[in-house]
Amino acid sequence: MLPSIPPATINLFDAIVVGGSFAGLSAATQLARARRNVLVIDGGHPRNQPASHSHGFLGFDGDSPSSILSKALHQLSLYPTAYYLPHTHVTSISNQSSDSNLRFVVTADTHTFSTRRVVLATGIVDELPPIKGLKDSWGRGVVHCPYCHAYEVSDLALGVLGMSAMSIHQAFMLTHWSSNITFFVGGYGDVDPIILEESEKLKLVAMGIKINYDKVVAIVDDPVLYNTSEQVLKGVELENEGLFLIRRLLVGPKLSLGVSESFIKSLGIETELKMQGFHGIKVGMMKNTSVEGVFAAGEATGSFNIATSVADGSIAGAGADGSLLQEEIKKAIE
């Protein structure tokens, strides 16, 4: 475990990383290797927490996200300038920079810290559709990414919940893994059915995708296989047809920045529409935001899996270190 914060000895951190999942720990590792005093503040709720397995991350295929994070945290703890504050939520970040120094004050629960640079690795939040049983199945029998969760259910009966135009794309993507795909377009909860254009219907049918117009009212787990490595569903409960057999349901939930949006706005950080359909943090080549001294990485900037989040964090950490170095060079020649 990383050491607790020594408030008497560090009055000013070189960098504070907000978020201790894949992007955040990656950024912190780069900064620690540059011998910077870096503090990671983590709320302890990574987006992929419900998932028992991670796939597509080179060298760790099939490992659980929690085990990968535990190993990363242990490795970070070997650096003497790295610190970690778990189960703590950042509530505000204020910019107190002057013409000669970049300074930020970070408030996290009852703690207040000063830092020269900030790396935001705050992630995103899934706003799940209000369907009975869906939340309990999220990350297991109900998933959002076929690259992460489809291979293990290849050639089984799979489904896609119609929520938006992106859902149509998800249905097409699933044809890599199965020829038995059903696209549910009849709505759910208080959400009306989605209306397909004739050209969209033609493409779906041509790709062998069945269209179901009944309303989805519940997710039904398989009581035998759900707690095994298979983690499949028994099916979905439809309003008129009853139980409809599928083994995994693909859902594209609405995404948001969650509670971090408040201090992102207060800092004046620019956002932009991301490919996934939410407004995320706009970053430059070195993951610098529109506010000098603030960097961002991971899903809040549009990354879409562990591998890209780790890469983002590495760049953001190097970017923050480079920014510190430029400030130090400028002061040295003044």
# chains A, B, ... in the order shown; residues from 1 in each chain; ligands from 1
>>> residues_around(residues="segment 12-21 of chain A", least_positions_apart="3", cutoff="7 Å", atoms="only C-alpha atoms", output="list in words")
Gly24, Leu25, Ala28, Arg36, Asn37, Val38, Leu39, Val40, Ile41, Asp42, Gly43, Pro46, Leu69, Ser114, Thr115, Arg116, Arg117, Val118, Val119, Leu120, Ala121 and Thr122 of chain A
>>> closest_atom_pairs(of="segment 211-272 of chain A", to="segment 92-102 of chain A", cutoff="9 Å", atoms="only C-alpha atoms", output="Markdown table")
| residue | atom | partner | partner_atom | distance |
| --- | --- | --- | --- | --- |
| A:Ser260 | CA | A:Ser92 | CA | 8.7 |
| A:Ser262 | CA | A:Ser92 | CA | 7.9 |
| A:Phe263 | CA | A:Ser92 | CA | 5.4 |
| A:Ile264 | CA | A:Ile93 | CA | 8.2 |
| A:Ser266 | CA | A:Ser94 | CA | 7.8 |
| A:Leu267 | CA | A:Ser94 | CA | 6.7 |
>>> write_last_selection(atoms="all heavy atoms", output="tab-separated table (two decimals), in the first residue's frame")
chain	number	residue	atom	x	y	z
A	260	SER	N	-17.88	14.90	-11.32
A	260	SER	CA	-16.69	15.69	-11.68
A	260	SER	C	-17.03	16.85	-12.60
A	260	SER	O	-16.23	17.78	-12.74
A	260	SER	CB	-15.64	14.80	-12.32
A	260	SER	OG	-16.11	14.25	-13.54
A	262	SER	N	-18.92	19.26	-12.17
A	262	SER	CA	-19.03	20.54	-11.47
A	262	SER	C	-17.69	21.25	-11.40
A	262	SER	O	-17.59	22.45	-11.71
A	262	SER	CB	-19.61	20.33	-10.06
A	262	SER	OG	-18.76	19.48	-9.30
A	263	PHE	N	-16.61	20.55	-10.98
A	263	PHE	CA	-15.33	21.25	-10.89
A	263	PHE	C	-14.65	21.38	-12.25
A	263	PHE	O	-13.80	22.25	-12.44
A	263	PHE	CB	-14.39	20.63	-9.85
A	263	PHE	CG	-14.06	19.18	-9.99
A	263	PHE	CD1	-13.16	18.75	-10.94
A	263	PHE	CD2	-14.62	18.24	-9.13
A	263	PHE	CE1	-12.83	17.41	-11.05
A	263	PHE	CE2	-14.28	16.91	-9.22
A	263	PHE	CZ	-13.38	16.48	-10.19
A	264	ILE	N	-15.02	20.56	-13.20
A	264	ILE	CA	-14.53	20.75	-14.57
A	264	ILE	C	-15.08	22.06	-15.13
A	264	ILE	O	-14.35	22.86	-15.74
A	264	ILE	CB	-14.92	19.56	-15.46
A	264	ILE	CG1	-14.11	18.32	-15.05
A	264	ILE	CG2	-14.71	19.87	-16.94
A	264	ILE	CD1	-14.58	17.03	-15.70
A	266	SER	N	-16.22	24.62	-13.24
A	266	SER	CA	-15.74	25.74	-12.44
A	266	SER	C	-14.33	26.17	-12.84
A	266	SER	O	-13.97	27.34	-12.71
A	266	SER	CB	-15.79	25.39	-10.94
A	266	SER	OG	-14.84	24.39	-10.62
A	267	LEU	N	-13.54	25.23	-13.33
A	267	LEU	CA	-12.19	25.56	-13.81
A	267	LEU	C	-12.21	26.20	-15.19
A	267	LEU	O	-11.21	26.75	-15.64
A	267	LEU	CB	-11.32	24.31	-13.84
A	267	LEU	CG	-10.78	23.80	-12.51
A	267	LEU	CD1	-10.17	22.42	-12.67
A	267	LEU	CD2	-9.75	24.76	-11.93
>>> atom_distance(atom1="atom CA of Ser290 of chain A", atom2="atom CA of Phe22 of chain A")
22.8 Å
>>> residues_around(residues="segment 189-196 of chain A", least_positions_apart="3", cutoff="8 Å", atoms="only C-alpha atoms", output="mmCIF file with N, CA and C atoms, in the first residue's frame")
data_model
loop_
_atom_site.group_PDB
_atom_site.id
_atom_site.type_symbol
_atom_site.label_atom_id
_atom_site.label_comp_id
_atom_site.auth_asym_id
_atom_site.auth_seq_id
_atom_site.Cartn_x
_atom_site.Cartn_y
_atom_site.Cartn_z
ATOM 1 N N PRO A 129 -30.457 2.199 -18.328
ATOM 2 C CA PRO A 129 -31.906 2.268 -18.563
ATOM 3 C C PRO A 129 -32.674 1.602 -17.427
ATOM 4 N N PRO A 130 -33.855 2.146 -17.078
ATOM 5 C CA PRO A 130 -34.617 1.628 -15.931
ATOM 6 C C PRO A 130 -35.395 0.357 -16.264
ATOM 7 N N ILE A 131 -34.676 -0.743 -16.355
ATOM 8 C CA ILE A 131 -35.286 -2.048 -16.638
ATOM 9 C C ILE A 131 -35.024 -2.969 -15.454
ATOM 10 N N GLY A 162 -32.485 -1.501 -28.329
ATOM 11 C CA GLY A 162 -32.583 -0.310 -29.159
ATOM 12 C C GLY A 162 -32.783 0.940 -28.320
ATOM 13 N N MET A 163 -31.783 1.810 -28.309
ATOM 14 C CA MET A 163 -31.842 3.033 -27.522
ATOM 15 C C MET A 163 -31.610 4.278 -28.365
ATOM 16 N N SER A 164 -30.806 4.151 -29.413
ATOM 17 C CA SER A 164 -30.423 5.303 -30.234
ATOM 18 C C SER A 164 -29.883 4.791 -31.562
ATOM 19 N N VAL A 185 -36.476 -3.202 -30.425
ATOM 20 C CA VAL A 185 -36.753 -1.793 -30.716
ATOM 21 C C VAL A 185 -38.069 -1.314 -30.116
ATOM 22 N N GLY A 186 -38.721 -2.138 -29.279
ATOM 23 C CA GLY A 186 -40.049 -1.815 -28.781
ATOM 24 C C GLY A 186 -40.093 -0.942 -27.544
ATOM 25 N N GLU A 200 -32.778 1.338 -42.922
ATOM 26 C CA GLU A 200 -32.136 0.691 -41.785
ATOM 27 C C GLU A 200 -32.666 -0.727 -41.603
ATOM 28 N N LYS A 201 -33.977 -0.885 -41.769
ATOM 29 C CA LYS A 201 -34.563 -2.230 -41.680
ATOM 30 C C LYS A 201 -33.962 -3.141 -42.735
ATOM 31 N N TYR A 213 -40.292 -6.109 -31.979
ATOM 32 C CA TYR A 213 -40.974 -4.854 -31.704
ATOM 33 C C TYR A 213 -41.672 -4.837 -30.340
ATOM 34 N N LYS A 215 -41.926 -4.722 -26.139
ATOM 35 C CA LYS A 215 -41.289 -3.912 -25.098
ATOM 36 C C LYS A 215 -40.526 -4.796 -24.116
ATOM 37 N N VAL A 216 -39.295 -4.410 -23.781
ATOM 38 C CA VAL A 216 -38.484 -5.133 -22.805
ATOM 39 C C VAL A 216 -38.864 -4.638 -21.409
ATOM 40 N N VAL A 217 -39.278 -5.571 -20.536
ATOM 41 C CA VAL A 217 -39.709 -5.171 -19.194
ATOM 42 C C VAL A 217 -38.781 -5.694 -18.090
#
>>> select_by_dssp(residues="segment 26-215 of chain A", states="helix (DSSP H, G or I)", output="PyMOL selection string")
chain A and resi 26-33+65-76+134-137+146-149+151-153+165-174+198-206
>>> write_last_selection(atoms="N, CA and C atoms", output="compact mmCIF listing (two decimals), in the first residue's frame")
# COMPACT_ATOMS: atom_id res chain seq x y z
N SER A 26 -1.66 5.18 -14.28
CA SER A 26 -0.67 5.27 -15.35
C SER A 26 0.01 6.64 -15.34
N ALA A 27 -0.79 7.70 -15.19
CA ALA A 27 -0.23 9.05 -15.12
C ALA A 27 0.67 9.21 -13.90
N ALA A 28 0.21 8.70 -12.77
CA ALA A 28 0.98 8.82 -11.53
C ALA A 28 2.31 8.08 -11.62
N THR A 29 2.31 6.94 -12.30
CA THR A 29 3.54 6.16 -12.45
C THR A 29 4.58 6.94 -13.24
N GLN A 30 4.14 7.58 -14.33
CA GLN A 30 5.07 8.38 -15.12
C GLN A 30 5.65 9.52 -14.28
N LEU A 31 4.80 10.18 -13.50
CA LEU A 31 5.26 11.29 -12.67
C LEU A 31 6.19 10.82 -11.56
N ALA A 32 5.88 9.66 -10.96
CA ALA A 32 6.73 9.13 -9.91
C ALA A 32 8.10 8.74 -10.46
N ARG A 33 8.11 8.20 -11.68
CA ARG A 33 9.38 7.83 -12.29
C ARG A 33 10.20 9.07 -12.65
N PRO A 65 -10.36 -6.70 -13.75
CA PRO A 65 -9.89 -5.31 -13.63
C PRO A 65 -9.33 -5.01 -12.25
N SER A 66 -9.95 -5.56 -11.21
CA SER A 66 -9.50 -5.27 -9.85
C SER A 66 -8.10 -5.83 -9.59
N SER A 67 -7.80 -7.01 -10.14
CA SER A 67 -6.48 -7.59 -9.93
C SER A 67 -5.40 -6.79 -10.68
N ILE A 68 -5.74 -6.28 -11.86
CA ILE A 68 -4.78 -5.46 -12.62
C ILE A 68 -4.50 -4.17 -11.87
N LEU A 69 -5.55 -3.55 -11.34
CA LEU A 69 -5.38 -2.30 -10.58
C LEU A 69 -4.57 -2.54 -9.31
N SER A 70 -4.81 -3.66 -8.64
CA SER A 70 -4.06 -3.97 -7.41
C SER A 70 -2.57 -4.10 -7.70
N LYS A 71 -2.25 -4.76 -8.81
CA LYS A 71 -0.84 -4.91 -9.18
C LYS A 71 -0.23 -3.56 -9.53
N ALA A 72 -0.98 -2.73 -10.26
CA ALA A 72 -0.49 -1.40 -10.63
C ALA A 72 -0.26 -0.54 -9.39
N LEU A 73 -1.17 -0.63 -8.43
CA LEU A 73 -1.04 0.15 -7.21
C LEU A 73 0.17 -0.30 -6.39
N HIS A 74 0.38 -1.60 -6.35
CA HIS A 74 1.57 -2.13 -5.65
C HIS A 74 2.85 -1.62 -6.30
N GLN A 75 2.89 -1.65 -7.63
CA GLN A 75 4.09 -1.19 -8.32
C GLN A 75 4.33 0.31 -8.10
N LEU A 76 3.24 1.08 -8.07
CA LEU A 76 3.38 2.51 -7.80
C LEU A 76 3.91 2.76 -6.39
N LEU A 134 -31.66 -5.11 -14.70
CA LEU A 134 -30.52 -4.72 -15.54
C LEU A 134 -29.32 -4.30 -14.71
N LYS A 135 -29.54 -3.51 -13.68
CA LYS A 135 -28.41 -3.03 -12.87
C LYS A 135 -27.65 -4.19 -12.26
N ASP A 136 -28.36 -5.20 -11.78
CA ASP A 136 -27.70 -6.35 -11.16
C ASP A 136 -26.90 -7.18 -12.16
N SER A 137 -27.29 -7.10 -13.43
CA SER A 137 -26.62 -7.88 -14.48
C SER A 137 -25.55 -7.09 -15.21
N PRO A 146 -18.76 -5.02 -27.27
CA PRO A 146 -18.58 -6.37 -27.82
C PRO A 146 -17.13 -6.83 -27.86
N TYR A 147 -16.20 -5.90 -28.03
CA TYR A 147 -14.79 -6.28 -28.04
C TYR A 147 -14.36 -6.83 -26.68
N CYS A 148 -14.99 -6.33 -25.63
CA CYS A 148 -14.65 -6.77 -24.27
C CYS A 148 -15.42 -8.02 -23.85
N HIS A 149 -16.63 -8.20 -24.36
CA HIS A 149 -17.52 -9.18 -23.75
C HIS A 149 -18.22 -10.14 -24.73
N TYR A 151 -16.67 -12.27 -27.32
CA TYR A 151 -15.97 -13.48 -27.80
C TYR A 151 -16.39 -14.72 -27.01
N GLU A 152 -16.55 -14.56 -25.69
CA GLU A 152 -16.87 -15.70 -24.83
C GLU A 152 -18.27 -16.25 -25.05
N VAL A 153 -19.11 -15.51 -25.75
CA VAL A 153 -20.47 -15.99 -26.05
C VAL A 153 -20.67 -16.11 -27.57
N ALA A 165 -29.43 5.72 -32.38
CA ALA A 165 -28.82 5.34 -33.66
C ALA A 165 -27.57 4.49 -33.44
N MET A 166 -26.87 4.73 -32.33
CA MET A 166 -25.68 3.94 -32.03
C MET A 166 -26.03 2.47 -31.81
N SER A 167 -27.25 2.21 -31.34
CA SER A 167 -27.68 0.82 -31.11
C SER A 167 -27.68 0.03 -32.42
N ILE A 168 -28.04 0.68 -33.51
CA ILE A 168 -28.03 0.01 -34.81
C ILE A 168 -26.61 -0.42 -35.15
N HIS A 169 -25.66 0.48 -34.90
CA HIS A 169 -24.26 0.15 -35.14
C HIS A 169 -23.83 -1.03 -34.28
N GLN A 170 -24.28 -1.06 -33.01
CA GLN A 170 -23.94 -2.17 -32.12
C GLN A 170 -24.46 -3.50 -32.68
N ALA A 171 -25.68 -3.46 -33.22
CA ALA A 171 -26.25 -4.68 -33.79
C ALA A 171 -25.41 -5.19 -34.95
N PHE A 172 -24.99 -4.29 -35.81
CA PHE A 172 -24.13 -4.69 -36.93
C PHE A 172 -22.81 -5.27 -36.43
N MET A 173 -22.24 -4.65 -35.40
CA MET A 173 -20.96 -5.12 -34.87
C MET A 173 -21.05 -6.55 -34.36
N LEU A 174 -22.17 -6.90 -33.75
CA LEU A 174 -22.31 -8.23 -33.16
C LEU A 174 -22.28 -9.35 -34.19
N GLU A 198 -36.82 2.69 -43.33
CA GLU A 198 -36.88 1.50 -44.18
C GLU A 198 -35.50 1.04 -44.62
N SER A 199 -34.61 2.01 -44.88
CA SER A 199 -33.26 1.65 -45.30
C SER A 199 -32.50 0.93 -44.18
N GLU A 200 -32.78 1.34 -42.92
CA GLU A 200 -32.14 0.69 -41.79
C GLU A 200 -32.67 -0.73 -41.60
N LYS A 201 -33.98 -0.89 -41.77
CA LYS A 201 -34.56 -2.23 -41.68
C LYS A 201 -33.96 -3.14 -42.74
N LEU A 202 -33.82 -2.63 -43.93
CA LEU A 202 -33.27 -3.41 -45.04
C LEU A 202 -31.87 -3.90 -44.72
N LYS A 203 -31.04 -3.02 -44.17
CA LYS A 203 -29.67 -3.39 -43.83
C LYS A 203 -29.64 -4.43 -42.71
N LEU A 204 -30.47 -4.23 -41.70
CA LEU A 204 -30.51 -5.17 -40.57
C LEU A 204 -30.91 -6.57 -41.04
N VAL A 205 -31.96 -6.62 -41.83
CA VAL A 205 -32.43 -7.91 -42.34
C VAL A 205 -31.38 -8.55 -43.24
N ALA A 206 -30.74 -7.73 -44.08
CA ALA A 206 -29.72 -8.25 -44.99
C ALA A 206 -28.54 -8.85 -44.22
>>> residues_around(residues="Ala318 of chain A", least_positions_apart="3", cutoff="9 Å", atoms="only C-alpha atoms", output="JSON, numbers by chain")
{"A": [27, 30, 31, 34, 286, 313, 314, 315, 321, 322, 323]}
>>> write_last_selection(atoms="N, CA and C atoms", output="CSV table (one decimal), in the first residue's frame")
chain,number,residue,atom,x,y,z
A,27,ALA,N,-0.8,7.7,-15.2
A,27,ALA,CA,-0.2,9.0,-15.1
A,27,ALA,C,0.7,9.2,-13.9
A,30,GLN,N,4.1,7.6,-14.3
A,30,GLN,CA,5.1,8.4,-15.1
A,30,GLN,C,5.7,9.5,-14.3
A,31,LEU,N,4.8,10.2,-13.5
A,31,LEU,CA,5.3,11.3,-12.7
A,31,LEU,C,6.2,10.8,-11.6
A,34,ALA,N,9.5,10.2,-12.8
A,34,ALA,CA,10.3,11.5,-13.0
A,34,ALA,C,10.6,12.1,-11.7
A,286,MET,N,-0.6,16.3,-25.8
A,286,MET,CA,0.0,15.8,-24.5
A,286,MET,C,-1.1,15.7,-23.4
A,313,GLY,N,-3.1,7.9,-19.9
A,313,GLY,CA,-2.5,8.3,-18.6
A,313,GLY,C,-1.0,8.5,-18.7
A,314,SER,N,-0.4,7.6,-19.5
A,314,SER,CA,1.1,7.7,-19.6
A,314,SER,C,1.4,9.0,-20.3
A,315,ILE,N,0.7,9.4,-21.3
A,315,ILE,CA,0.9,10.7,-22.1
A,315,ILE,C,0.7,11.9,-21.1
A,321,ASP,N,4.7,16.4,-16.4
A,321,ASP,CA,6.1,16.6,-16.1
A,321,ASP,C,6.8,17.6,-17.0
A,322,GLY,N,6.5,17.5,-18.3
A,322,GLY,CA,7.1,18.4,-19.2
A,322,GLY,C,6.8,19.8,-19.0
A,323,SER,N,5.5,20.0,-18.6
A,323,SER,CA,5.1,21.4,-18.2
A,323,SER,C,5.8,21.9,-17.0
>>> closest_residue(among="A:Ala108, A:Pro86, A:Gly319, A:Lys274", to="Asn288 of chain A", atoms="only C-alpha atoms")
A:Gly319
>>> select_by_dssp(residues="segment 20-264 of chain A", states="strand (DSSP E)", output="VMD selection string")
chain A and resid 38 to 41 82 to 85 90 to 95 104 to 108 111 to 120 125 to 127 142 to 143 158 to 161 181 to 184 209 to 212 216 to 221 233 to 238 242 to 244 248 to 250 254 to 256
>>> atom_distance(atom1="atom CA of Gly284 of chain A", atom2="atom CA of Ala316 of chain A")
9.8 Å
>>> residues_around(residues="segment 240-245 of chain A", least_positions_apart="4", cutoff="12 Å", atoms="only C-alpha atoms", output="ChimeraX atom specification")
/A:156-159,180-184,186,212-222,232-236,249
>>> atom_distance(atom1="atom CA of Cys145 of chain A", atom2="atom CA of Thr271 of chain A")
23.8 Å
>>> residues_around(residues="Leu273 of chain A", least_positions_apart="3", cutoff="10 Å", atoms="only C-alpha atoms", output="ChimeraX atom specification")
/A:276-282,301-302
>>> write_last_selection(atoms="N, CA, C and O atoms", output="PDB file, in the first residue's frame")
ATOM      1  N   GLN A 276     -18.564   8.656 -28.410  1.00  0.00           N
ATOM      2  CA  GLN A 276     -19.522   7.856 -27.656  1.00  0.00           C
ATOM      3  C   GLN A 276     -20.822   8.603 -27.371  1.00  0.00           C
ATOM      4  O   GLN A 276     -21.737   8.049 -26.760  1.00  0.00           O
ATOM      5  N   GLY A 277     -20.904   9.875 -27.761  1.00  0.00           N
ATOM      6  CA  GLY A 277     -22.155  10.610 -27.640  1.00  0.00           C
ATOM      7  C   GLY A 277     -22.297  11.470 -26.404  1.00  0.00           C
ATOM      8  O   GLY A 277     -23.393  11.955 -26.106  1.00  0.00           O
ATOM      9  N   PHE A 278     -21.220  11.688 -25.648  1.00  0.00           N
ATOM     10  CA  PHE A 278     -21.289  12.566 -24.480  1.00  0.00           C
ATOM     11  C   PHE A 278     -20.275  13.696 -24.633  1.00  0.00           C
ATOM     12  O   PHE A 278     -19.361  13.622 -25.451  1.00  0.00           O
ATOM     13  N   HIS A 279     -20.444  14.751 -23.855  1.00  0.00           N
ATOM     14  CA  HIS A 279     -19.504  15.864 -23.876  1.00  0.00           C
ATOM     15  C   HIS A 279     -18.394  15.601 -22.860  1.00  0.00           C
ATOM     16  O   HIS A 279     -18.612  15.662 -21.652  1.00  0.00           O
ATOM     17  N   GLY A 280     -17.207  15.291 -23.378  1.00  0.00           N
ATOM     18  CA  GLY A 280     -16.056  14.999 -22.537  1.00  0.00           C
ATOM     19  C   GLY A 280     -15.023  16.097 -22.612  1.00  0.00           C
ATOM     20  O   GLY A 280     -15.169  17.082 -23.345  1.00  0.00           O
ATOM     21  N   ILE A 281     -13.956  15.913 -21.851  1.00  0.00           N
ATOM     22  CA  ILE A 281     -12.911  16.927 -21.762  1.00  0.00           C
ATOM     23  C   ILE A 281     -12.111  16.991 -23.064  1.00  0.00           C
ATOM     24  O   ILE A 281     -11.655  15.975 -23.582  1.00  0.00           O
ATOM     25  N   LYS A 282     -11.937  18.193 -23.568  1.00  0.00           N
ATOM     26  CA  LYS A 282     -11.145  18.409 -24.784  1.00  0.00           C
ATOM     27  C   LYS A 282      -9.669  18.488 -24.404  1.00  0.00           C
ATOM     28  O   LYS A 282      -9.288  19.243 -23.499  1.00  0.00           O
ATOM     29  N   THR A 301     -11.978  11.765 -21.423  1.00  0.00           N
ATOM     30  CA  THR A 301     -11.507  12.424 -22.641  1.00  0.00           C
ATOM     31  C   THR A 301     -11.897  11.652 -23.905  1.00  0.00           C
ATOM     32  O   THR A 301     -11.531  12.062 -25.005  1.00  0.00           O
ATOM     33  N   GLY A 302     -12.596  10.529 -23.735  1.00  0.00           N
ATOM     34  CA  GLY A 302     -13.040   9.764 -24.899  1.00  0.00           C
ATOM     35  C   GLY A 302     -12.391   8.416 -25.076  1.00  0.00           C
ATOM     36  O   GLY A 302     -12.711   7.702 -26.034  1.00  0.00           O
TER      37      GLY A 302
END
>>> closest_residue(among="A:Ile306, A:Gly133, A:Thr91, A:Ala320", to="Thr289 of chain A", atoms="only C-alpha atoms")
A:Ala320
>>> closest_residue(among="A:Leu85, A:Ala297, A:Val125, A:Leu161", to="Lys254 of chain A", atoms="only C-alpha atoms")
A:Val125
